[in-house]
Amino acid sequence: MGIRNLLVMGAFALASVSTFAVSAKAEDVTISVWSLDRDIQPAPTLVADFNKLNTGIKVEYRQIQFDDVVSEAMRAYSTGQAPDIIAIDNPEHALFASRGAFLDLTDMIAKSSEIKTANYFPGPLASTMWDGKNYGVPKATNTIALYYNKDMFKAKGLDPNKPPQTWDELLDAARKLTDPGANVYGLAFSAKGNEEGTFQFLPWAQMAGGGYENINSEGSIKALDVWKTIIDEKLASRDSLTRGQWDSTGTFNSGNAAMAISGPWELDRMLTEAKFDWGVALLPVPEAGAERSSAMGDFNWAIFANTQHPAEAFKVLEYFVSQDIRMFSDFGQLPARSDIAIPATGKPLKDEALKVFTEQLKYAKPRGPHPEWPKISKAIQDAIQAALTGQMSSKDALDQAAEKIKAVLG
């Protein structure tokens with residue numbers, strides 16, 4: 001009951017005072033959260049669980065679409081309508097952080113008893129950084145490794161317990177495993193002209209001493225030459241240039257490819273579809289002893305700089321981090337933290353694979369971080385397509401990409 005009614009309704013004065021005393025307590029602070037997650041995925045579940053704690057902070061959740069995240073979030077920020085917290089794809093994090101759109105959390109994290117930067121794998125943590133400061137917290141992570149068909153290895157006289165360790169070994173195995181008569185390719189991977197192609201190729205360049213800043217290094221050229229050899233010798237389908245990772249892995253699951261490069265998101269599907277014995281190995285390196293690398297995916301949490309409630313938003317973030325131990329058991333996603341063990345699933349193939357993916361995460365690197373990552377990635381995608389379709393040599397294609405990237409980097 002409002003105070004105006006309290007003054008005019010004398011007969012009910014005592015009751016009115018009592019009712020107002022209850023309603024006049026401090027209202028909950030409302031924190032808004034945007035994410036792609038739906039239904040039983042992490043964000044809406046964690047929001048619902050947090051609200052049950054009655055902390056004096058109420059969290060409102062909104063699901064957004066992947067294609068709209070950057071444009072809608074930036075528009076909302078520029079008009080003062082941004083949410084307090086957002087889950088952003090890790091390559092896009094620097095775009096917002098570099099423009100001052102995300103809150104600098106460095107000091108808050110340093111004082112936090114819940115968020116410890118030392119607990120995170122280096123790659124996911126690096127994706128939240130800009131100019132030496134921390135502008136977010138990794139939400140979850142993933143990476144890629146080499147799936148291989150153990151039954152096919154045995155049939156072709158290859159040791160199923162010794163998957164390829166180097167690029168030469170990978171090519172040798174792919175040549176022995178490729179069987180046109182049986183419609184079997186040695187390898188399935190994605191060289192698609194979008195982010196998936198960059199996602200799969202960049203680790204090869206990095207393992208050979210290259211990267212987006214020196215994409216035309218000798219090692220990067222060698223990496224693309226290996227890819228070109230795989231396509232030219234028909235060790236992988238030419239459809240690799242147009243198919244994403246999901247379709248490529250489907251080729252492996254159906255028995256039409258002996259090896260495949262993909263991520264842990266395929267595990268449950270593989271258990272259902274693959275009617276053969278399979279295993280997972282770390283990505284092969286250029287040569288024995290070479291630096292390892294791998295791609296790194298998934299999202300980060302961030303707080304918008306124009307939030308009216310930074311302290312409360314950070315408390316919500318701390319709660320989300322406190323639930324990281326549930327990330328795999330409840331949601332099937334890999335936590336971005338090295339201090340959280342993946343619980344056994346009771347499915348031997350999956351459990352062994354998860355050990356490899358956890359090991360691979362030690363070497364996973366972010367794409368960037370750079371605020372103009374989409375332009376950088378597009379230059380790399382174009383080079384991959386030009387080389388693999390025979391329009392240009394690997395060197396010429398990557399030289400052209402390097403010029404484009406140089407213009408972006410300034």
# chains A, B, ... in the order shown; residues from 1 in each chain; ligands from 1
>>> closest_atom_pairs(of="segment 112-139 of chain A", to="segment 299-313 of chain A", cutoff="9 Å", atoms="only C-alpha atoms", output="JSON lines")
{"residue": "A:Pro124", "atom": "CA", "partner": "A:Asn300", "partner_atom": "CA", "distance": 8.2}
{"residue": "A:Ser127", "atom": "CA", "partner": "A:Asn300", "partner_atom": "CA", "distance": 8.1}
{"residue": "A:Thr128", "atom": "CA", "partner": "A:Asn300", "partner_atom": "CA", "distance": 7.1}
{"residue": "A:Tyr135", "atom": "CA", "partner": "A:Ala302", "partner_atom": "CA", "distance": 6.4}
{"residue": "A:Gly136", "atom": "CA", "partner": "A:Ala302", "partner_atom": "CA", "distance": 4.4}
{"residue": "A:Val137", "atom": "CA", "partner": "A:Trp301", "partner_atom": "CA", "distance": 5.1}
{"residue": "A:Pro138", "atom": "CA", "partner": "A:Asn300", "partner_atom": "CA", "distance": 4.2}
{"residue": "A:Lys139", "atom": "CA", "partner": "A:Asn300", "partner_atom": "CA", "distance": 4.7}
>>> select_by_dssp(residues="segment 126-336 of chain A", states="strand (DSSP E or B)", output="PyMOL selection string")
chain A and resi 129-130+133-134+137-138+141-142+145-149+166+179+184-185+188+257+259-262+278-281+285+294+297+299-304+334
>>> write_last_selection(atoms="N, CA, C and O atoms", output="compact mmCIF listing (two decimals), in the first residue's frame")
# COMPACT_ATOMS: atom_id res chain seq x y z
N MET A 129 41.77 -10.80 -22.32
CA MET A 129 42.70 -9.72 -22.02
C MET A 129 42.78 -8.71 -23.16
O MET A 129 42.63 -9.06 -24.33
N TRP A 130 43.03 -7.46 -22.78
CA TRP A 130 43.33 -6.43 -23.77
C TRP A 130 44.22 -5.38 -23.11
O TRP A 130 43.90 -4.90 -22.01
N LYS A 133 45.12 -5.82 -19.47
CA LYS A 133 44.08 -5.80 -18.45
C LYS A 133 43.03 -6.86 -18.74
O LYS A 133 42.85 -7.29 -19.87
N ASN A 134 42.31 -7.25 -17.68
CA ASN A 134 41.33 -8.31 -17.80
C ASN A 134 39.93 -7.72 -17.95
O ASN A 134 39.45 -7.02 -17.08
N VAL A 137 35.76 -13.02 -18.06
CA VAL A 137 36.07 -14.31 -17.46
C VAL A 137 35.64 -15.39 -18.44
O VAL A 137 34.52 -15.34 -18.96
N PRO A 138 36.48 -16.38 -18.72
CA PRO A 138 36.06 -17.46 -19.63
C PRO A 138 34.83 -18.18 -19.09
O PRO A 138 34.73 -18.46 -17.89
N THR A 141 35.04 -23.67 -22.73
CA THR A 141 36.04 -23.71 -23.80
C THR A 141 35.91 -24.99 -24.60
O THR A 141 35.20 -25.92 -24.22
N ASN A 142 36.59 -25.03 -25.72
CA ASN A 142 36.72 -26.27 -26.49
C ASN A 142 37.95 -26.15 -27.38
O ASN A 142 38.58 -25.08 -27.46
N ALA A 145 41.20 -31.84 -32.01
CA ALA A 145 42.23 -32.88 -31.97
C ALA A 145 41.96 -33.84 -33.13
O ALA A 145 41.09 -33.59 -33.96
N LEU A 146 42.71 -34.92 -33.18
CA LEU A 146 42.62 -35.87 -34.29
C LEU A 146 41.86 -37.12 -33.87
O LEU A 146 42.31 -37.90 -33.03
N TYR A 147 40.69 -37.32 -34.46
CA TYR A 147 39.96 -38.58 -34.30
C TYR A 147 40.51 -39.58 -35.32
O TYR A 147 40.86 -39.20 -36.45
N TYR A 148 40.58 -40.86 -34.94
CA TYR A 148 41.03 -41.85 -35.92
C TYR A 148 40.33 -43.20 -35.69
O TYR A 148 39.98 -43.56 -34.57
N ASN A 149 40.10 -43.89 -36.79
CA ASN A 149 39.38 -45.16 -36.82
C ASN A 149 40.38 -46.30 -36.58
O ASN A 149 41.18 -46.65 -37.45
N THR A 166 53.40 -36.60 -36.29
CA THR A 166 53.95 -35.49 -37.07
C THR A 166 53.18 -35.35 -38.37
O THR A 166 52.41 -36.24 -38.76
N ASP A 179 41.16 -45.18 -49.67
CA ASP A 179 40.75 -46.34 -50.48
C ASP A 179 39.60 -45.91 -51.39
O ASP A 179 38.43 -46.02 -51.01
N VAL A 184 36.64 -44.37 -49.27
CA VAL A 184 37.21 -43.98 -47.98
C VAL A 184 38.36 -42.99 -48.21
O VAL A 184 39.29 -43.29 -48.96
N TYR A 185 38.27 -41.86 -47.59
CA TYR A 185 39.36 -40.87 -47.60
C TYR A 185 40.21 -41.05 -46.35
O TYR A 185 39.74 -41.53 -45.31
N ALA A 188 39.37 -36.26 -42.90
CA ALA A 188 38.27 -35.30 -43.07
C ALA A 188 38.57 -34.10 -42.19
O ALA A 188 38.95 -34.25 -41.02
N ALA A 257 35.81 -41.81 -43.93
CA ALA A 257 37.09 -41.17 -43.67
C ALA A 257 37.73 -41.88 -42.50
O ALA A 257 37.05 -42.23 -41.53
N MET A 259 40.31 -40.69 -40.64
CA MET A 259 40.68 -39.74 -39.58
C MET A 259 39.88 -38.47 -39.78
O MET A 259 39.38 -38.18 -40.87
N ALA A 260 39.75 -37.70 -38.72
CA ALA A 260 39.02 -36.44 -38.81
C ALA A 260 39.55 -35.48 -37.76
O ALA A 260 39.93 -35.90 -36.65
N ILE A 261 39.58 -34.21 -38.11
CA ILE A 261 39.98 -33.17 -37.16
C ILE A 261 38.72 -32.44 -36.71
O ILE A 261 38.03 -31.82 -37.52
N SER A 262 38.42 -32.55 -35.42
CA SER A 262 37.21 -31.91 -34.89
C SER A 262 37.32 -31.80 -33.38
O SER A 262 38.37 -32.08 -32.80
N TRP A 278 37.27 -46.33 -32.15
CA TRP A 278 37.96 -45.10 -32.52
C TRP A 278 38.69 -44.52 -31.31
O TRP A 278 38.44 -44.89 -30.16
N GLY A 279 39.60 -43.62 -31.60
CA GLY A 279 40.36 -42.95 -30.54
C GLY A 279 40.61 -41.51 -30.92
O GLY A 279 40.25 -41.05 -32.01
N VAL A 280 41.23 -40.77 -30.01
CA VAL A 280 41.55 -39.36 -30.23
C VAL A 280 43.01 -39.14 -29.86
O VAL A 280 43.51 -39.68 -28.87
N ALA A 281 43.71 -38.36 -30.68
CA ALA A 281 45.12 -38.04 -30.44
C ALA A 281 45.34 -36.54 -30.56
O ALA A 281 44.54 -35.82 -31.18
N VAL A 285 52.28 -32.53 -35.05
CA VAL A 285 53.14 -31.34 -35.12
C VAL A 285 54.01 -31.42 -36.37
O VAL A 285 54.14 -32.49 -36.98
N SER A 294 46.67 -25.52 -30.73
CA SER A 294 45.35 -25.98 -31.14
C SER A 294 44.40 -24.79 -31.13
O SER A 294 44.71 -23.74 -30.56
N GLY A 297 37.77 -22.45 -28.82
CA GLY A 297 36.45 -21.89 -29.05
C GLY A 297 35.69 -21.64 -27.77
O GLY A 297 36.21 -21.79 -26.67
N PHE A 299 32.74 -19.24 -25.35
CA PHE A 299 32.39 -17.87 -25.00
C PHE A 299 33.02 -17.40 -23.68
O PHE A 299 33.45 -18.22 -22.86
N ASN A 300 33.04 -16.08 -23.52
CA ASN A 300 33.49 -15.44 -22.29
C ASN A 300 32.36 -14.62 -21.68
O ASN A 300 31.50 -14.11 -22.40
N TRP A 301 32.41 -14.46 -20.37
CA TRP A 301 31.52 -13.52 -19.69
C TRP A 301 32.19 -12.15 -19.65
O TRP A 301 33.41 -12.06 -19.49
N ALA A 302 31.40 -11.10 -19.79
CA ALA A 302 31.92 -9.74 -19.65
C ALA A 302 30.83 -8.86 -19.06
O ALA A 302 29.64 -9.15 -19.18
N ILE A 303 31.26 -7.78 -18.41
CA ILE A 303 30.33 -6.78 -17.86
C ILE A 303 30.47 -5.51 -18.68
O ILE A 303 31.58 -5.06 -18.94
N PHE A 304 29.35 -4.96 -19.12
CA PHE A 304 29.42 -3.73 -19.90
C PHE A 304 29.85 -2.55 -19.02
O PHE A 304 29.48 -2.46 -17.85
N LEU A 334 33.19 -28.14 -21.69
CA LEU A 334 34.47 -28.20 -20.98
C LEU A 334 34.72 -26.92 -20.22
O LEU A 334 34.66 -25.82 -20.79
>>> residues_around(residues="Ala73 of chain A", least_positions_apart="5", cutoff="12 Å", atoms="only C-alpha atoms", output="ChimeraX atom specification")
/A:33-35,64-68,78-89,92-93,95-96,101-102,302-304
>>> residues_around(residues="Glu287 of chain A", least_positions_apart="5", cutoff="12 Å", atoms="only C-alpha atoms", output="PyMOL selection string")
chain A and resi 164-170+204+207-209+219+222-223+292
>>> closest_atom_pairs(of="segment 165-223 of chain A", to="segment 377-382 of chain A", cutoff="9 Å", atoms="only C-alpha atoms", output="Markdown table")
| residue | atom | partner | partner_atom | distance |
| --- | --- | --- | --- | --- |
| A:Ala191 | CA | A:Gln381 | CA | 8.1 |
| A:Lys192 | CA | A:Gln381 | CA | 7.6 |
| A:Gly193 | CA | A:Gln381 | CA | 5.1 |
| A:Asn194 | CA | A:Gln381 | CA | 6.2 |
| A:Glu195 | CA | A:Ser377 | CA | 6.7 |
| A:Glu196 | CA | A:Gln381 | CA | 8.9 |
| A:Gly197 | CA | A:Gln381 | CA | 6.2 |
| A:Thr198 | CA | A:Gln381 | CA | 5.9 |
| A:Phe199 | CA | A:Ser377 | CA | 8.9 |
| A:Phe201 | CA | A:Ile380 | CA | 8.7 |
| A:Leu202 | CA | A:Ile380 | CA | 8.5 |
| A:Tyr212 | CA | A:Ile380 | CA | 8.0 |
| A:Ile215 | CA | A:Ile380 | CA | 7.9 |
>>> closest_residue(among="A:Ser217, A:Thr345, A:Ser112, A:Asn51", to="Leu267 of chain A", atoms="only C-alpha atoms")
A:Thr345
>>> residues_around(residues="Ala94 of chain A", least_positions_apart="6", cutoff="7 Å", atoms="only C-alpha atoms", output="PDB file with N, CA, C and O atoms, in the first residue's frame")
ATOM      1  N   TRP A 130      43.033  -7.462 -22.780  1.00  0.00           N
ATOM      2  CA  TRP A 130      43.330  -6.428 -23.765  1.00  0.00           C
ATOM      3  C   TRP A 130      44.216  -5.377 -23.113  1.00  0.00           C
ATOM      4  O   TRP A 130      43.901  -4.903 -22.014  1.00  0.00           O
ATOM      5  N   PRO A 369      44.087 -12.111 -29.491  1.00  0.00           N
ATOM      6  CA  PRO A 369      42.931 -11.206 -29.519  1.00  0.00           C
ATOM      7  C   PRO A 369      43.234  -9.942 -30.331  1.00  0.00           C
ATOM      8  O   PRO A 369      44.315  -9.362 -30.204  1.00  0.00           O
ATOM      9  N   HIS A 370      42.252  -9.527 -31.134  1.00  0.00           N
ATOM     10  CA  HIS A 370      42.379  -8.290 -31.886  1.00  0.00           C
ATOM     11  C   HIS A 370      40.983  -7.773 -32.222  1.00  0.00           C
ATOM     12  O   HIS A 370      40.115  -8.560 -32.606  1.00  0.00           O
ATOM     13  N   PRO A 371      40.776  -6.462 -32.088  1.00  0.00           N
ATOM     14  CA  PRO A 371      39.438  -5.905 -32.331  1.00  0.00           C
ATOM     15  C   PRO A 371      38.958  -6.039 -33.768  1.00  0.00           C
ATOM     16  O   PRO A 371      37.758  -5.964 -34.031  1.00  0.00           O
TER      17      PRO A 371
END
>>> residues_around(residues="Ile405 of chain A", least_positions_apart="3", cutoff="8 Å", atoms="only C-alpha atoms", output="PyMOL selection string")
chain A and resi 212-213+375-376+379+401-402+408-409
>>> select_by_dssp(residues="segment 28-106 of chain A", states="alpha helix (DSSP H)", output="list in words")
Pro42, Ala43, Pro44, Thr45, Leu46, Val47, Ala48, Asp49, Phe50, Asn51, Val69, Val70, Ser71, Glu72, Ala73, Met74, Arg75, Ala76, Tyr77, Ser78, His93, Ala94, Leu95, Phe96, Ala97 and Thr106 of chain A
>>> write_last_selection(atoms="N, CA and C atoms", output="PDB file, in the first residue's frame")
ATOM      1  N   PRO A  42      23.882 -23.636 -19.848  1.00  0.00           N
ATOM      2  CA  PRO A  42      24.365 -23.000 -18.616  1.00  0.00           C
ATOM      3  C   PRO A  42      23.672 -21.702 -18.200  1.00  0.00           C
ATOM      4  N   ALA A  43      23.642 -20.684 -19.067  1.00  0.00           N
ATOM      5  CA  ALA A  43      23.212 -19.352 -18.632  1.00  0.00           C
ATOM      6  C   ALA A  43      21.823 -19.313 -17.987  1.00  0.00           C
ATOM      7  N   PRO A  44      20.762 -19.766 -18.669  1.00  0.00           N
ATOM      8  CA  PRO A  44      19.445 -19.677 -18.025  1.00  0.00           C
ATOM      9  C   PRO A  44      19.336 -20.516 -16.766  1.00  0.00           C
ATOM     10  N   THR A  45      20.049 -21.641 -16.744  1.00  0.00           N
ATOM     11  CA  THR A  45      20.022 -22.501 -15.557  1.00  0.00           C
ATOM     12  C   THR A  45      20.709 -21.821 -14.382  1.00  0.00           C
ATOM     13  N   LEU A  46      21.877 -21.251 -14.614  1.00  0.00           N
ATOM     14  CA  LEU A  46      22.613 -20.582 -13.549  1.00  0.00           C
ATOM     15  C   LEU A  46      21.868 -19.338 -13.054  1.00  0.00           C
ATOM     16  N   VAL A  47      21.221 -18.638 -13.979  1.00  0.00           N
ATOM     17  CA  VAL A  47      20.428 -17.473 -13.584  1.00  0.00           C
ATOM     18  C   VAL A  47      19.294 -17.898 -12.653  1.00  0.00           C
ATOM     19  N   ALA A  48      18.584 -18.947 -13.021  1.00  0.00           N
ATOM     20  CA  ALA A  48      17.478 -19.437 -12.192  1.00  0.00           C
ATOM     21  C   ALA A  48      17.971 -19.882 -10.819  1.00  0.00           C
ATOM     22  N   ASP A  49      19.108 -20.568 -10.798  1.00  0.00           N
ATOM     23  CA  ASP A  49      19.667 -21.036  -9.524  1.00  0.00           C
ATOM     24  C   ASP A  49      20.106 -19.866  -8.650  1.00  0.00           C
ATOM     25  N   PHE A  50      20.694 -18.847  -9.267  1.00  0.00           N
ATOM     26  CA  PHE A  50      21.129 -17.678  -8.507  1.00  0.00           C
ATOM     27  C   PHE A  50      19.937 -16.968  -7.884  1.00  0.00           C
ATOM     28  N   ASN A  51      18.861 -16.823  -8.647  1.00  0.00           N
ATOM     29  CA  ASN A  51      17.691 -16.111  -8.140  1.00  0.00           C
ATOM     30  C   ASN A  51      17.051 -16.809  -6.941  1.00  0.00           C
ATOM     31  N   VAL A  69      24.660 -11.102 -32.128  1.00  0.00           N
ATOM     32  CA  VAL A  69      25.351 -10.751 -30.883  1.00  0.00           C
ATOM     33  C   VAL A  69      26.136  -9.444 -31.013  1.00  0.00           C
ATOM     34  N   VAL A  70      27.027  -9.370 -31.981  1.00  0.00           N
ATOM     35  CA  VAL A  70      27.907  -8.209 -32.083  1.00  0.00           C
ATOM     36  C   VAL A  70      27.134  -6.945 -32.409  1.00  0.00           C
ATOM     37  N   SER A  71      26.311  -6.992 -33.452  1.00  0.00           N
ATOM     38  CA  SER A  71      25.594  -5.782 -33.876  1.00  0.00           C
ATOM     39  C   SER A  71      24.604  -5.314 -32.813  1.00  0.00           C
ATOM     40  N   GLU A  72      23.866  -6.239 -32.240  1.00  0.00           N
ATOM     41  CA  GLU A  72      22.862  -5.842 -31.248  1.00  0.00           C
ATOM     42  C   GLU A  72      23.508  -5.365 -29.951  1.00  0.00           C
ATOM     43  N   ALA A  73      24.568  -6.043 -29.546  1.00  0.00           N
ATOM     44  CA  ALA A  73      25.237  -5.656 -28.304  1.00  0.00           C
ATOM     45  C   ALA A  73      25.902  -4.292 -28.430  1.00  0.00           C
ATOM     46  N   MET A  74      26.563  -4.045 -29.555  1.00  0.00           N
ATOM     47  CA  MET A  74      27.225  -2.757 -29.740  1.00  0.00           C
ATOM     48  C   MET A  74      26.207  -1.620 -29.862  1.00  0.00           C
ATOM     49  N   ARG A  75      25.117  -1.908 -30.544  1.00  0.00           N
ATOM     50  CA  ARG A  75      24.054  -0.902 -30.661  1.00  0.00           C
ATOM     51  C   ARG A  75      23.443  -0.601 -29.291  1.00  0.00           C
ATOM     52  N   ALA A  76      23.228  -1.650 -28.515  1.00  0.00           N
ATOM     53  CA  ALA A  76      22.653  -1.466 -27.181  1.00  0.00           C
ATOM     54  C   ALA A  76      23.596  -0.663 -26.294  1.00  0.00           C
ATOM     55  N   TYR A  77      24.889  -0.931 -26.411  1.00  0.00           N
ATOM     56  CA  TYR A  77      25.864  -0.185 -25.608  1.00  0.00           C
ATOM     57  C   TYR A  77      25.881   1.295 -25.999  1.00  0.00           C
ATOM     58  N   SER A  78      25.877   1.577 -27.297  1.00  0.00           N
ATOM     59  CA  SER A  78      25.968   2.969 -27.755  1.00  0.00           C
ATOM     60  C   SER A  78      24.732   3.782 -27.409  1.00  0.00           C
ATOM     61  N   HIS A  93      35.764 -10.671 -28.268  1.00  0.00           N
ATOM     62  CA  HIS A  93      35.943 -10.002 -26.978  1.00  0.00           C
ATOM     63  C   HIS A  93      36.770  -8.719 -27.118  1.00  0.00           C
ATOM     64  N   ALA A  94      37.849  -8.791 -27.871  1.00  0.00           N
ATOM     65  CA  ALA A  94      38.736  -7.631 -28.004  1.00  0.00           C
ATOM     66  C   ALA A  94      38.067  -6.463 -28.711  1.00  0.00           C
ATOM     67  N   LEU A  95      37.104  -6.765 -29.595  1.00  0.00           N
ATOM     68  CA  LEU A  95      36.377  -5.696 -30.284  1.00  0.00           C
ATOM     69  C   LEU A  95      35.719  -4.760 -29.283  1.00  0.00           C
ATOM     70  N   PHE A  96      35.097  -5.330 -28.271  1.00  0.00           N
ATOM     71  CA  PHE A  96      34.394  -4.536 -27.260  1.00  0.00           C
ATOM     72  C   PHE A  96      35.361  -3.950 -26.242  1.00  0.00           C
ATOM     73  N   ALA A  97      36.319  -4.768 -25.793  1.00  0.00           N
ATOM     74  CA  ALA A  97      37.260  -4.302 -24.777  1.00  0.00           C
ATOM     75  C   ALA A  97      38.081  -3.123 -25.276  1.00  0.00           C
ATOM     76  N   THR A 106      40.157  -6.016 -13.797  1.00  0.00           N
ATOM     77  CA  THR A 106      41.461  -6.407 -13.251  1.00  0.00           C
ATOM     78  C   THR A 106      41.508  -6.306 -11.729  1.00  0.00           C
TER      79      THR A 106
END
>>> closest_residue(among="A:Ala118, A:Leu171, A:Ala140, A:Met270", to="Lys350 of chain A", atoms="only C-alpha atoms")
A:Met270
>>> atom_distance(atom1="atom CA of Phe276 of chain A", atom2="atom CA of Leu349 of chain A")
10.9 Å
>>> residues_around(residues="Ser237 of chain A", least_positions_apart="4", cutoff="9 Å", atoms="only C-alpha atoms", output="PyMOL selection string")
chain A and resi 185+187-189+230-231+241
>>> write_last_selection(atoms="N, CA and C atoms", output="PDB file, in the first residue's frame")
ATOM      1  N   TYR A 185      38.272 -41.857 -47.588  1.00  0.00           N
ATOM      2  CA  TYR A 185      39.355 -40.867 -47.596  1.00  0.00           C
ATOM      3  C   TYR A 185      40.209 -41.051 -46.353  1.00  0.00           C
ATOM      4  N   LEU A 187      41.502 -38.607 -44.557  1.00  0.00           N
ATOM      5  CA  LEU A 187      41.284 -37.560 -43.563  1.00  0.00           C
ATOM      6  C   LEU A 187      40.052 -36.733 -43.922  1.00  0.00           C
ATOM      7  N   ALA A 188      39.368 -36.264 -42.902  1.00  0.00           N
ATOM      8  CA  ALA A 188      38.273 -35.305 -43.074  1.00  0.00           C
ATOM      9  C   ALA A 188      38.566 -34.097 -42.188  1.00  0.00           C
ATOM     10  N   PHE A 189      38.441 -32.911 -42.760  1.00  0.00           N
ATOM     11  CA  PHE A 189      38.651 -31.681 -41.994  1.00  0.00           C
ATOM     12  C   PHE A 189      37.895 -30.574 -42.703  1.00  0.00           C
ATOM     13  N   ILE A 230      47.171 -32.732 -49.266  1.00  0.00           N
ATOM     14  CA  ILE A 230      46.050 -33.581 -48.849  1.00  0.00           C
ATOM     15  C   ILE A 230      44.904 -33.489 -49.858  1.00  0.00           C
ATOM     16  N   ILE A 231      44.614 -32.270 -50.301  1.00  0.00           N
ATOM     17  CA  ILE A 231      43.522 -32.081 -51.266  1.00  0.00           C
ATOM     18  C   ILE A 231      43.928 -32.571 -52.653  1.00  0.00           C
ATOM     19  N   LEU A 241      36.514 -28.010 -48.824  1.00  0.00           N
ATOM     20  CA  LEU A 241      36.560 -26.567 -49.039  1.00  0.00           C
ATOM     21  C   LEU A 241      35.208 -25.897 -48.795  1.00  0.00           C
TER      22      LEU A 241
END
>>> atom_distance(atom1="atom CA of Asn90 of chain A", atom2="atom CA of Glu403 of chain A")
24.8 Å
>>> atom_distance(atom1="atom CA of Asp28 of chain A", atom2="atom CA of Glu318 of chain A")
17.9 Å
